[in-house]
>>> print(open('model-v2.tsv').read())   # TSV, C-alpha atoms (C1' of nucleotides)
chain	number	residue	atom	x	y	z
A	1	MET	CA	-9.80	10.56	-9.17
A	2	GLY	CA	-11.38	7.26	-10.12
A	3	ARG	CA	-9.88	5.57	-7.09
A	4	LEU	CA	-13.21	3.98	-6.26
A	5	GLU	CA	-13.27	2.54	-9.79
A	6	ASP	CA	-9.89	0.94	-9.22
A	7	ILE	CA	-11.07	-0.53	-5.96
A	8	CYS	CA	-14.25	-1.89	-7.54
A	9	GLN	CA	-12.33	-3.43	-10.39
A	10	VAL	CA	-9.91	-5.24	-8.10
A	11	ALA	CA	-12.74	-6.31	-5.82
A	12	GLU	CA	-14.73	-7.70	-8.76
A	13	ARG	CA	-11.79	-9.83	-9.81
A	14	LEU	CA	-10.98	-11.14	-6.34
A	15	PHE	CA	-14.60	-11.67	-5.28
A	16	SER	CA	-15.29	-13.56	-8.51
A	17	GLU	CA	-12.21	-15.77	-8.18
A	18	ARG	CA	-12.25	-16.55	-4.45
A	19	GLY	CA	-15.66	-15.47	-3.26
A	20	TYR	CA	-16.67	-12.53	-1.06
A	21	HIS	CA	-15.84	-13.97	2.35
A	22	ALA	CA	-12.62	-15.57	1.20
A	23	THR	CA	-11.36	-12.17	0.05
A	24	SER	CA	-10.16	-9.82	2.77
A	25	ILE	CA	-9.98	-6.04	2.66
A	26	ARG	CA	-6.23	-6.47	2.95
A	27	ASP	CA	-6.18	-8.71	-0.16
A	28	ILE	CA	-7.81	-5.93	-2.15
A	29	ALA	CA	-5.54	-3.26	-0.67
A	30	ARG	CA	-2.41	-5.27	-1.48
A	31	LYS	CA	-3.29	-5.43	-5.20
A	32	LEU	CA	-3.53	-1.63	-5.16
A	33	HIS	CA	-0.24	-1.27	-3.22
A	34	LEU	CA	-2.08	0.20	-0.25
A	35	GLN	CA	-2.27	-0.62	3.43
A	36	GLY	CA	-5.36	-2.44	4.64
A	37	GLY	CA	-6.97	0.42	6.52
A	38	SER	CA	-6.40	2.89	3.68
A	39	LEU	CA	-9.31	1.51	1.69
A	40	TYR	CA	-11.65	3.02	4.24
A	41	ALA	CA	-10.86	6.49	2.92
A	42	HIS	CA	-12.90	5.47	-0.14
A	43	ILE	CA	-15.44	2.93	1.09
A	44	SER	CA	-17.28	2.71	4.37
A	45	THR	CA	-17.77	-1.06	4.72
A	46	LYS	CA	-16.78	-4.19	2.86
A	47	GLU	CA	-20.43	-4.95	2.21
A	48	ASP	CA	-20.89	-1.56	0.55
A	49	LEU	CA	-18.24	-2.58	-1.92
A	50	LEU	CA	-20.09	-5.81	-2.73
A	51	TRP	CA	-23.34	-3.88	-3.02
A	52	GLU	CA	-21.82	-1.42	-5.47
A	53	ILE	CA	-20.71	-4.28	-7.72
A	54	VAL	CA	-24.00	-6.16	-7.53
A	55	ARG	CA	-26.12	-3.03	-7.97
A	56	ARG	CA	-24.27	-1.98	-11.11
A	57	ALA	CA	-24.57	-5.42	-12.65
A	58	ALA	CA	-28.30	-5.57	-11.94
A	59	GLU	CA	-28.75	-2.15	-13.51
A	60	GLN	CA	-26.95	-3.18	-16.67
A	61	PHE	CA	-29.17	-6.21	-17.20
A	62	LEU	CA	-32.27	-4.06	-16.81
A	63	GLN	CA	-31.08	-1.26	-19.06
A	64	ALA	CA	-30.04	-3.71	-21.76
A	65	ILE	CA	-33.43	-5.39	-22.02
A	66	GLU	CA	-35.30	-2.09	-21.77
A	67	ALA	CA	-33.41	-0.77	-24.78
A	68	VAL	CA	-34.34	-3.87	-26.78
A	69	LEU	CA	-38.02	-3.67	-25.84
A	70	ARG	CA	-38.07	-0.02	-26.86
A	71	GLN	CA	-36.54	-0.66	-30.26
A	72	GLU	CA	-38.00	-3.96	-31.40
A	73	SER	CA	-41.58	-5.09	-31.67
A	74	ASP	CA	-41.37	-8.35	-33.62
A	75	PRO	CA	-41.29	-11.25	-31.10
A	76	VAL	CA	-38.44	-13.12	-32.77
A	77	ALA	CA	-36.35	-9.95	-33.12
A	78	ARG	CA	-37.06	-9.10	-29.49
A	79	PHE	CA	-36.03	-12.55	-28.40
A	80	ARG	CA	-32.79	-12.49	-30.37
A	81	GLY	CA	-32.00	-8.95	-29.28
A	82	ALA	CA	-32.70	-9.52	-25.60
A	83	PHE	CA	-30.67	-12.73	-25.59
A	84	ARG	CA	-27.77	-11.03	-27.30
A	85	ALA	CA	-27.96	-8.11	-24.86
A	86	HIS	CA	-28.03	-10.38	-21.80
A	87	VAL	CA	-25.03	-12.36	-23.01
A	88	ALA	CA	-23.20	-9.14	-23.89
A	89	VAL	CA	-23.63	-7.78	-20.36
A	90	ILE	CA	-22.05	-10.94	-18.99
A	91	ALA	CA	-19.29	-11.06	-21.60
A	92	ARG	CA	-18.27	-7.44	-21.09
A	93	ASN	CA	-18.35	-7.67	-17.30
A	94	LEU	CA	-17.48	-11.27	-16.58
A	95	PRO	CA	-16.06	-10.77	-13.07
A	96	ALA	CA	-18.89	-8.45	-12.02
A	97	ALA	CA	-21.51	-10.78	-13.49
A	98	THR	CA	-19.96	-13.71	-11.64
A	99	VAL	CA	-20.11	-11.77	-8.38
A	100	TYR	CA	-23.70	-10.77	-9.13
A	101	PHE	CA	-24.83	-14.39	-9.57
A	102	HIS	CA	-22.72	-15.87	-6.79
A	103	GLU	CA	-22.49	-13.39	-3.96
A	104	TRP	CA	-25.76	-11.46	-3.75
A	105	ARG	CA	-26.80	-13.78	-0.92
A	106	GLN	CA	-24.06	-12.30	1.24
A	107	LEU	CA	-25.75	-8.88	1.24
A	108	SER	CA	-27.89	-7.58	4.10
A	109	PRO	CA	-31.56	-8.69	4.05
A	110	GLN	CA	-32.70	-5.31	2.71
A	111	ARG	CA	-30.27	-5.33	-0.18
A	112	ARG	CA	-30.94	-8.99	-0.88
A	113	GLU	CA	-34.60	-8.10	-1.17
A	114	ALA	CA	-33.77	-5.33	-3.64
A	115	VAL	CA	-31.82	-7.78	-5.77
A	116	LEU	CA	-34.73	-10.22	-5.77
A	117	GLN	CA	-37.15	-7.49	-6.79
A	118	GLN	CA	-34.92	-6.45	-9.67
A	119	ARG	CA	-34.60	-10.05	-10.76
A	120	ASP	CA	-38.38	-10.49	-10.69
A	121	LEU	CA	-38.83	-7.36	-12.79
A	122	TYR	CA	-36.25	-8.59	-15.26
A	123	GLU	CA	-37.89	-12.00	-15.54
A	124	ALA	CA	-41.27	-10.33	-16.05
A	125	MET	CA	-39.86	-8.53	-19.09
A	126	TRP	CA	-38.66	-11.81	-20.52
A	127	ARG	CA	-42.04	-13.41	-19.86
A	128	GLU	CA	-43.58	-10.51	-21.76
A	129	ILE	CA	-41.40	-11.34	-24.75
A	130	VAL	CA	-42.46	-14.99	-24.68
A	131	HIS	CA	-46.10	-14.13	-24.01
A	132	GLY	CA	-46.17	-11.62	-26.87
A	133	GLY	CA	-44.79	-14.20	-29.26
A	134	ILE	CA	-47.54	-16.65	-28.36
A	135	GLU	CA	-50.28	-14.01	-28.59
A	136	GLN	CA	-49.14	-13.02	-32.06
A	137	GLY	CA	-49.20	-16.63	-33.14
A	138	VAL	CA	-45.45	-16.77	-33.75
A	139	PHE	CA	-44.53	-18.99	-30.80
A	140	ARG	CA	-46.20	-22.27	-29.89
A	141	PRO	CA	-48.60	-22.02	-26.92
A	142	VAL	CA	-46.04	-23.13	-24.33
A	143	ASP	CA	-46.19	-22.50	-20.59
A	144	VAL	CA	-44.83	-18.96	-20.40
A	145	ALA	CA	-43.25	-19.18	-16.95
A	146	MET	CA	-41.54	-22.48	-17.71
A	147	ALA	CA	-40.29	-21.47	-21.15
A	148	THR	CA	-38.94	-18.21	-19.75
A	149	ARG	CA	-37.12	-20.10	-17.03
A	150	ALA	CA	-35.51	-22.34	-19.64
A	151	VAL	CA	-34.39	-19.35	-21.69
A	152	LEU	CA	-33.00	-17.51	-18.68
A	153	SER	CA	-31.24	-20.66	-17.53
A	154	VAL	CA	-29.23	-20.75	-20.73
A	155	ALA	CA	-28.65	-17.01	-20.65
A	156	ASN	CA	-27.54	-16.98	-17.01
A	157	TRP	CA	-25.41	-20.12	-17.06
A	158	PHE	CA	-23.33	-18.51	-19.81
A	159	TYR	CA	-21.09	-16.89	-17.16
A	160	GLN	CA	-20.09	-20.35	-15.96
A	161	TRP	CA	-18.36	-21.45	-19.13
A	162	TYR	CA	-17.70	-18.41	-21.33
A	163	ARG	CA	-14.04	-17.38	-21.50
A	164	PRO	CA	-13.18	-14.18	-23.39
A	165	GLU	CA	-9.95	-15.67	-24.68
A	166	GLY	CA	-11.87	-18.43	-26.50
A	167	PRO	CA	-12.14	-18.56	-30.30
A	168	ARG	CA	-15.76	-17.44	-30.71
A	169	SER	CA	-17.21	-14.02	-30.06
A	170	ALA	CA	-19.93	-13.64	-27.45
A	171	GLU	CA	-22.33	-12.39	-30.16
A	172	SER	CA	-21.79	-15.47	-32.30
A	173	ILE	CA	-22.37	-17.76	-29.31
A	174	ALA	CA	-25.45	-15.79	-28.28
A	175	ASP	CA	-26.98	-16.07	-31.74
A	176	GLU	CA	-26.39	-19.80	-31.93
A	177	LEU	CA	-27.90	-20.39	-28.50
A	178	SER	CA	-30.93	-18.26	-29.26
A	179	GLU	CA	-31.49	-20.11	-32.56
A	180	LEU	CA	-31.52	-23.35	-30.61
A	181	LEU	CA	-34.06	-21.97	-28.14
A	182	LEU	CA	-36.16	-20.36	-30.87
A	183	ALA	CA	-36.29	-23.66	-32.73
A	184	GLY	CA	-38.17	-25.03	-29.74
A	185	LEU	CA	-40.44	-22.00	-29.43
A	186	VAL	CA	-41.38	-20.93	-32.95
A	187	LYS	CA	-44.27	-22.67	-34.71
A	188	GLU	CA	-43.22	-25.01	-37.50
A	189	GLY	CA	-42.88	-23.29	-40.85
A	190	GLN	CA	-42.79	-19.83	-39.30
A	191	SER	CA	-39.11	-19.03	-39.05
B	1	MET	CA	-23.77	-44.02	15.06
B	2	GLY	CA	-24.52	-41.87	12.05
B	3	ARG	CA	-23.10	-38.81	13.77
B	4	LEU	CA	-21.16	-37.91	10.64
B	5	GLU	CA	-24.44	-38.04	8.72
B	6	ASP	CA	-26.00	-35.55	11.12
B	7	ILE	CA	-23.03	-33.26	10.77
B	8	CYS	CA	-23.14	-33.44	6.97
B	9	GLN	CA	-26.85	-32.74	6.89
B	10	VAL	CA	-26.53	-29.65	9.07
B	11	ALA	CA	-23.49	-28.49	7.13
B	12	GLU	CA	-25.32	-28.91	3.82
B	13	ARG	CA	-28.14	-26.72	5.02
B	14	LEU	CA	-25.94	-23.99	6.48
B	15	PHE	CA	-23.41	-23.99	3.64
B	16	SER	CA	-26.24	-23.74	1.10
B	17	GLU	CA	-27.99	-20.91	2.93
B	18	ARG	CA	-25.04	-18.75	3.97
B	19	GLY	CA	-22.10	-20.08	2.01
B	20	TYR	CA	-19.08	-22.06	3.15
B	21	HIS	CA	-16.96	-19.25	4.56
B	22	ALA	CA	-19.88	-17.48	6.18
B	23	THR	CA	-20.63	-20.66	8.15
B	24	SER	CA	-18.39	-21.37	11.12
B	25	ILE	CA	-17.67	-24.71	12.72
B	26	ARG	CA	-19.36	-23.30	15.81
B	27	ASP	CA	-22.54	-22.55	13.80
B	28	ILE	CA	-22.73	-26.20	12.79
B	29	ALA	CA	-21.96	-27.41	16.30
B	30	ARG	CA	-24.66	-25.20	17.83
B	31	LYS	CA	-27.37	-26.73	15.64
B	32	LEU	CA	-26.31	-30.13	16.96
B	33	HIS	CA	-26.20	-28.90	20.58
B	34	LEU	CA	-22.46	-29.47	20.73
B	35	GLN	CA	-19.48	-27.33	21.63
B	36	GLY	CA	-17.41	-26.00	18.75
B	37	GLY	CA	-14.37	-28.17	19.24
B	38	SER	CA	-16.41	-31.33	19.64
B	39	LEU	CA	-17.01	-31.63	15.91
B	40	TYR	CA	-13.35	-32.54	15.51
B	41	ALA	CA	-14.02	-35.92	17.07
B	42	HIS	CA	-15.82	-36.73	13.78
B	43	ILE	CA	-14.16	-34.60	11.11
B	44	SER	CA	-10.57	-33.56	10.71
B	45	THR	CA	-10.93	-30.21	8.95
B	46	LYS	CA	-13.73	-27.92	7.83
B	47	GLU	CA	-12.68	-28.39	4.23
B	48	ASP	CA	-13.03	-32.17	4.56
B	49	LEU	CA	-16.65	-31.59	5.46
B	50	LEU	CA	-17.20	-29.50	2.32
B	51	TRP	CA	-15.38	-32.11	0.26
B	52	GLU	CA	-17.58	-34.90	1.59
B	53	ILE	CA	-20.70	-32.98	0.53
B	54	VAL	CA	-19.37	-32.04	-2.90
B	55	ARG	CA	-17.97	-35.52	-3.59
B	56	ARG	CA	-21.24	-37.23	-2.81
B	57	ALA	CA	-23.21	-34.85	-5.00
B	58	ALA	CA	-20.84	-35.34	-7.92
B	59	GLU	CA	-21.12	-39.10	-7.52
B	60	GLN	CA	-24.90	-39.00	-7.61
B	61	PHE	CA	-24.96	-37.07	-10.87
B	62	LEU	CA	-22.61	-39.57	-12.49
B	63	GLN	CA	-24.41	-42.65	-11.21
B	64	ALA	CA	-27.77	-41.29	-12.33
B	65	ILE	CA	-26.73	-40.73	-15.94
B	66	GLU	CA	-24.81	-44.00	-16.11
B	67	ALA	CA	-27.93	-45.90	-15.12
B	68	VAL	CA	-29.92	-44.19	-17.89
B	69	LEU	CA	-27.27	-44.86	-20.54
B	70	ARG	CA	-27.23	-48.54	-19.51
B	71	GLN	CA	-30.98	-48.95	-19.77
B	72	GLU	CA	-32.02	-46.81	-22.73
B	73	SER	CA	-30.75	-46.78	-26.30
B	74	ASP	CA	-33.27	-44.59	-28.13
B	75	PRO	CA	-31.91	-41.02	-28.27
B	76	VAL	CA	-35.15	-39.32	-27.24
B	77	ALA	CA	-35.70	-41.77	-24.38
B	78	ARG	CA	-32.09	-41.27	-23.27
B	79	PHE	CA	-32.53	-37.53	-23.36
B	80	ARG	CA	-35.74	-37.57	-21.36
B	81	GLY	CA	-34.37	-40.09	-18.87
B	82	ALA	CA	-31.08	-38.30	-18.30
B	83	PHE	CA	-32.83	-34.98	-17.88
B	84	ARG	CA	-35.27	-36.45	-15.40
B	85	ALA	CA	-32.43	-38.12	-13.50
B	86	HIS	CA	-30.39	-34.92	-13.31
B	87	VAL	CA	-33.34	-32.92	-12.03
B	88	ALA	CA	-34.20	-35.67	-9.55
B	89	VAL	CA	-30.71	-35.60	-8.04
B	90	ILE	CA	-31.09	-31.87	-7.46
B	91	ALA	CA	-34.65	-32.12	-6.17
B	92	ARG	CA	-33.86	-34.88	-3.70
B	93	ASN	CA	-30.69	-33.20	-2.44
B	94	LEU	CA	-31.37	-29.50	-2.86
B	95	PRO	CA	-29.01	-28.22	-0.15
B	96	ALA	CA	-26.19	-30.55	-1.20
B	97	ALA	CA	-26.70	-29.70	-4.88
B	98	THR	CA	-26.61	-25.99	-4.05
B	99	VAL	CA	-23.34	-26.47	-2.18
B	100	TYR	CA	-21.98	-28.51	-5.07
B	101	PHE	CA	-22.68	-25.75	-7.61
B	102	HIS	CA	-21.71	-22.82	-5.39
B	103	GLU	CA	-18.85	-23.84	-3.16
B	104	TRP	CA	-16.63	-26.27	-5.04
B	105	ARG	CA	-14.31	-23.35	-5.79
B	106	GLN	CA	-13.47	-23.14	-2.08
B	107	LEU	CA	-11.83	-26.58	-2.16
B	108	SER	CA	-8.09	-27.13	-2.36
B	109	PRO	CA	-6.59	-27.06	-5.88
B	110	GLN	CA	-6.34	-30.85	-6.01
B	111	ARG	CA	-9.95	-31.40	-5.06
B	112	ARG	CA	-11.11	-28.58	-7.33
B	113	GLU	CA	-9.33	-30.39	-10.16
B	114	ALA	CA	-11.14	-33.61	-9.30
B	115	VAL	CA	-14.49	-31.81	-9.43
B	116	LEU	CA	-13.65	-30.36	-12.83
B	117	GLN	CA	-12.66	-33.76	-14.16
B	118	GLN	CA	-15.89	-35.29	-12.96
B	119	ARG	CA	-17.85	-32.43	-14.54
B	120	ASP	CA	-16.05	-32.94	-17.85
B	121	LEU	CA	-16.83	-36.63	-17.77
B	122	TYR	CA	-20.47	-35.90	-17.02
B	123	GLU	CA	-20.70	-33.40	-19.86
B	124	ALA	CA	-19.09	-35.87	-22.23
B	125	MET	CA	-21.88	-38.35	-21.48
B	126	TRP	CA	-24.46	-35.71	-22.31
B	127	ARG	CA	-22.64	-34.86	-25.52
B	128	GLU	CA	-22.77	-38.53	-26.37
B	129	ILE	CA	-26.56	-38.47	-26.01
B	130	VAL	CA	-26.85	-35.45	-28.32
B	131	HIS	CA	-24.31	-36.82	-30.77
B	132	GLY	CA	-26.06	-40.19	-30.92
B	133	GLY	CA	-29.35	-38.51	-31.68
B	134	ILE	CA	-27.83	-36.66	-34.61
B	135	GLU	CA	-26.07	-39.74	-35.95
B	136	GLN	CA	-29.28	-41.73	-35.89
B	137	GLY	CA	-31.04	-38.95	-37.78
B	138	VAL	CA	-33.42	-38.16	-34.93
B	139	PHE	CA	-31.92	-34.81	-33.93
B	140	ARG	CA	-31.12	-31.95	-36.27
B	141	PRO	CA	-27.39	-31.56	-37.10
B	142	VAL	CA	-26.76	-28.94	-34.40
B	143	ASP	CA	-23.40	-28.07	-32.87
B	144	VAL	CA	-23.05	-30.83	-30.27
B	145	ALA	CA	-21.00	-28.87	-27.74
B	146	MET	CA	-23.25	-25.83	-27.89
B	147	ALA	CA	-26.50	-27.78	-27.73
B	148	THR	CA	-25.21	-29.80	-24.78
B	149	ARG	CA	-24.29	-26.61	-22.99
B	150	ALA	CA	-27.78	-25.27	-23.50
B	151	VAL	CA	-29.34	-28.45	-22.15
B	152	LEU	CA	-27.06	-28.56	-19.12
B	153	SER	CA	-27.70	-24.89	-18.47
B	154	VAL	CA	-31.39	-25.59	-18.03
B	155	ALA	CA	-30.71	-28.75	-16.02
B	156	ASN	CA	-28.20	-27.06	-13.72
B	157	TRP	CA	-30.03	-23.78	-13.18
B	158	PHE	CA	-32.96	-25.80	-11.84
B	159	TYR	CA	-31.47	-25.64	-8.31
B	160	GLN	CA	-31.78	-21.85	-8.40
B	161	TRP	CA	-35.54	-21.72	-8.59
B	162	TYR	CA	-36.97	-25.13	-7.65
B	163	ARG	CA	-38.66	-25.22	-4.24
B	164	PRO	CA	-39.91	-28.60	-2.96
B	165	GLU	CA	-42.94	-27.01	-1.33
B	166	GLY	CA	-44.17	-25.75	-4.71
B	167	PRO	CA	-47.24	-27.20	-6.44
B	168	ARG	CA	-45.56	-29.22	-9.17
B	169	SER	CA	-43.48	-32.35	-8.80
B	170	ALA	CA	-39.88	-32.31	-9.94
B	171	GLU	CA	-40.68	-35.08	-12.46
B	172	SER	CA	-43.45	-33.07	-14.04
B	173	ILE	CA	-41.22	-30.00	-14.31
B	174	ALA	CA	-38.39	-32.07	-15.73
B	175	ASP	CA	-40.61	-33.55	-18.42
B	176	GLU	CA	-41.94	-30.19	-19.47
B	177	LEU	CA	-38.47	-28.65	-19.68
B	178	SER	CA	-37.11	-31.60	-21.66
B	179	GLU	CA	-40.05	-31.39	-24.11
B	180	LEU	CA	-39.17	-27.74	-24.69
B	181	LEU	CA	-35.55	-28.61	-25.33
B	182	LEU	CA	-36.41	-31.61	-27.48
B	183	ALA	CA	-38.70	-29.44	-29.60
B	184	GLY	CA	-35.59	-27.50	-30.58
B	185	LEU	CA	-33.50	-30.62	-31.17
B	186	VAL	CA	-35.72	-33.18	-32.86
B	187	LYS	CA	-36.20	-33.02	-36.63
B	188	GLU	CA	-39.62	-31.80	-37.72
B	189	GLY	CA	-42.20	-34.53	-38.06
B	190	GLN	CA	-40.10	-36.98	-36.00
B	191	SER	CA	-41.54	-36.68	-32.51
C	1	DC	C1'	-2.97	7.45	2.66
C	2	DC	C1'	-0.04	5.34	6.81
C	3	DT	C1'	0.84	3.58	11.58
C	4	DA	C1'	-0.81	1.34	15.13
C	5	DC	C1'	-4.22	-0.55	17.20
C	6	DC	C1'	-9.15	-2.45	18.76
C	7	DG	C1'	-12.38	-6.38	19.99
C	8	DA	C1'	-14.25	-10.33	17.86
C	9	DT	C1'	-14.07	-14.45	15.77
C	10	DC	C1'	-11.98	-17.92	13.23
C	11	DG	C1'	-10.19	-23.12	12.60
C	12	DG	C1'	-8.11	-26.21	15.25
C	13	DT	C1'	-5.82	-28.68	19.49
C	14	DA	C1'	-4.47	-30.62	24.25
C	15	DG	C1'	-5.89	-33.02	27.95
C	16	DG	C1'	-9.24	-35.15	30.14
D	1	DC	C1'	-17.90	-34.95	23.99
D	2	DC	C1'	-16.33	-30.76	27.15
D	3	DT	C1'	-13.21	-27.09	28.97
D	4	DA	C1'	-9.94	-24.13	28.03
D	5	DC	C1'	-6.98	-22.46	25.19
D	6	DC	C1'	-3.71	-21.36	20.86
D	7	DG	C1'	-2.08	-18.16	17.07
D	8	DA	C1'	-3.88	-15.97	13.15
D	9	DT	C1'	-6.72	-13.08	10.90
D	10	DC	C1'	-10.70	-10.49	10.34
D	11	DG	C1'	-13.38	-5.72	9.52
D	12	DG	C1'	-12.89	-1.42	11.07
D	13	DT	C1'	-11.08	2.99	13.61
D	14	DA	C1'	-8.23	6.94	15.73
D	15	DG	C1'	-5.01	10.18	14.98
D	16	DG	C1'	-2.06	12.12	12.18
>>> encode(input="model-v2.tsv", output="structure tokens")
Amino acid sequence: MGRLEDICQVAERLFSERGYHATSIRDIARKLHLQGGSLYAHISTKEDLLWEIVRRAAEQFLQAIEAVLRQESDPVARFRGAFRAHVAVIARNLPAATVYFHEWRQLSPQRREAVLQQRDLYEAMWREIVHGGIEQGVFRPVDVAMATRAVLSVANWFYQWYRPEGPRSAESIADELSELLLAGLVKEGQS
Amino acid sequence: MGRLEDICQVAERLFSERGYHATSIRDIARKLHLQGGSLYAHISTKEDLLWEIVRRAAEQFLQAIEAVLRQESDPVARFRGAFRAHVAVIARNLPAATVYFHEWRQLSPQRREAVLQQRDLYEAMWREIVHGGIEQGVFRPVDVAMATRAVLSVANWFYQWYRPEGPRSAESIADELSELLLAGLVKEGQS
DNA sequence: CCTACCGATCGGTAGG
DNA sequence: CCTACCGATCGGTAGG
């Protein structure tokens, strides 16, 4: 049992290091000490394997921000919490997150569309955080779409440079980055 | 004459849309109304073609920031200028920039190393801008490495969502994003 | 999960 | 720049 988990874990690592098309089914099988064709007892196509990885990652981002929105109502606390949660999803699933950001374009048009829809939904939740902060007079009246893009840029790019073996925890990095962003968002004398 | 330019232009578009490994030499040839093997009269390997695209993009980023550092000395002006220049390189070469960010990992180890070195040099110039602003008392005493990462996250992620056919010019977007970032960097009452 | 295999396609080359 | 081809490798399958 859990053989599919093993396969996904190896695939995440190889896809994230070499890319989807540069990784063959036989590469994955070899790491599991299997023959190439044997993988097809557990998966039906190579693309299904990519989809499984991408789908799970997308779900984790959504669930993380939903939990924060449910628990927090103060705009600044929401912002900090959502930023921390986003960074935590990446930090705890670095290979999968890398595959999510890099390889979703290799999916079939239908699945690509599903990824885009999820991403739009996720961005809308972040815009709601920024918008709420402005409405409550806590954030400056910035352009919501543009400010959200800036925030998500920092949050997303994290996967490009974070290394788990580094000296600082992901939480500590997340908090410092969100303080920097909040300094640009919060009205003077309000923090 | 200029046949290599045509090939690079087509390759940039296809590599950026489908990825390097999902694009075959024959795909590129077809768009140029050539036979597959005919490309090899102008290039020697497929990887050389990728390298040419990545190398040029890297060079443009470096030249752009060097020009700004030569002309401006005020920290805020340097920041705005470098941000604008970075965004302009992406906006004017969107397919090439996309290939640069996405596909440099597919290069040979030696070339990958060269890309990383260039990137480190580029980041060091940005850190110098942030560090100079702090030293001159214009920026708050933030962590230089972390603040630079945040700035470059926003600058780099731009290629993910910018579309030239959109309503706003790249310059206008760049200025708004750099105002947002500067609001978090500049000491209160200094801008 | 293995053996043995399929057709398709890949990057690249020889010879003109 | 084309024709014709090379060996290698790909994702996937049949039969056990």
>>> interface_residues(input="model-v2.tsv", of="chain B", to="chain D", cutoff="12 Å", atoms="all atoms listed in the file", output="PyMOL selection string")
chain B and resi 29+32-42
>>> closest_residue(input="model-v2.tsv", among="A:Glu188, A:Asp27, A:Glu66, A:Glu113", to="chain B", atoms="all atoms listed in the file")
A:Glu188
>>> axis_aligned_box(input="model-v2.tsv", around="segment 135-145 of chain B", padding_each_side="5 Å", output="lines of an AutoDock Vina configuration file")
center_x = -27.2
center_y = -34.9
center_z = -32.8
size_x = 22.4
size_y = 23.7
size_z = 20.0
>>> interface_residues(input="model-v2.tsv", of="chain A", to="chain B", cutoff="10 Å", atoms="only C-alpha atoms", output="ChimeraX atom specification")
/A:17-22,101-103,105-106,142-143,146-147,149-158,160-161,173,176-186,188-189
>>> atom_distance(input="model-v2.tsv", atom1="atom CA of Phe15 of chain B", atom2="atom CA of Tyr159 of chain A")
22.1 Å
>>> residues_around(input="model-v2.tsv", residues="Arg127 of chain B", least_positions_apart="5", cutoff="9 Å", atoms="all atoms listed in the file", output="list in words")
Tyr122, Gly132, Val144, Ala145, Ala147, Thr148 and Arg149 of chain B
>>> atom_distance(input="model-v2.tsv", atom1="atom CA of Glu123 of chain A", atom2="atom CA of Leu62 of chain A")
9.8 Å
>>> atom_distance(input="model-v2.tsv", atom1="atom CA of Gly81 of chain A", atom2="atom CA of Pro141 of chain A")
21.3 Å
>>> residues_near_point(input="model-v2.tsv", point="(-34.0, -4.6, -9.5)", cutoff="10 Å", atoms="all atoms listed in the file", output="PDB file with C-alpha atoms, in the frame of the given file")
ATOM      1  CA  ARG A  55     -26.120  -3.030  -7.970  1.00  0.00           C
ATOM      2  CA  ALA A  57     -24.570  -5.420 -12.650  1.00  0.00           C
ATOM      3  CA  ALA A  58     -28.300  -5.570 -11.940  1.00  0.00           C
ATOM      4  CA  GLU A  59     -28.750  -2.150 -13.510  1.00  0.00           C
ATOM      5  CA  PHE A  61     -29.170  -6.210 -17.200  1.00  0.00           C
ATOM      6  CA  LEU A  62     -32.270  -4.060 -16.810  1.00  0.00           C
ATOM      7  CA  GLU A 113     -34.600  -8.100  -1.170  1.00  0.00           C
ATOM      8  CA  ALA A 114     -33.770  -5.330  -3.640  1.00  0.00           C
ATOM      9  CA  VAL A 115     -31.820  -7.780  -5.770  1.00  0.00           C
ATOM     10  CA  LEU A 116     -34.730 -10.220  -5.770  1.00  0.00           C
ATOM     11  CA  GLN A 117     -37.150  -7.490  -6.790  1.00  0.00           C
ATOM     12  CA  GLN A 118     -34.920  -6.450  -9.670  1.00  0.00           C
ATOM     13  CA  ARG A 119     -34.600 -10.050 -10.760  1.00  0.00           C
ATOM     14  CA  ASP A 120     -38.380 -10.490 -10.690  1.00  0.00           C
ATOM     15  CA  LEU A 121     -38.830  -7.360 -12.790  1.00  0.00           C
ATOM     16  CA  TYR A 122     -36.250  -8.590 -15.260  1.00  0.00           C
TER      17      TYR A 122
END
>>> build_atoms(input="model-v2.tsv", residues="segment 17-23 of chain B", atoms="N, CA and C atoms", output="compact mmCIF listing (two decimals), in the coordinates of the input")
# COMPACT_ATOMS: atom_id res chain seq x y z
N GLU B 17 -27.28 -22.15 2.62
CA GLU B 17 -27.99 -20.91 2.93
C GLU B 17 -27.05 -19.72 3.03
N ARG B 18 -25.91 -19.90 3.70
CA ARG B 18 -25.04 -18.75 3.97
C ARG B 18 -23.75 -18.78 3.18
N GLY B 19 -23.40 -19.93 2.66
CA GLY B 19 -22.10 -20.08 2.01
C GLY B 19 -21.10 -20.72 2.96
N TYR B 20 -20.07 -21.30 2.37
CA TYR B 20 -19.08 -22.06 3.15
C TYR B 20 -18.34 -21.19 4.15
N HIS B 21 -17.78 -20.07 3.67
CA HIS B 21 -16.96 -19.25 4.56
C HIS B 21 -17.77 -18.45 5.56
N ALA B 22 -19.04 -18.22 5.24
CA ALA B 22 -19.88 -17.48 6.18
C ALA B 22 -20.47 -18.41 7.25
N THR B 23 -20.18 -19.70 7.15
CA THR B 23 -20.63 -20.66 8.15
C THR B 23 -19.44 -21.11 8.98
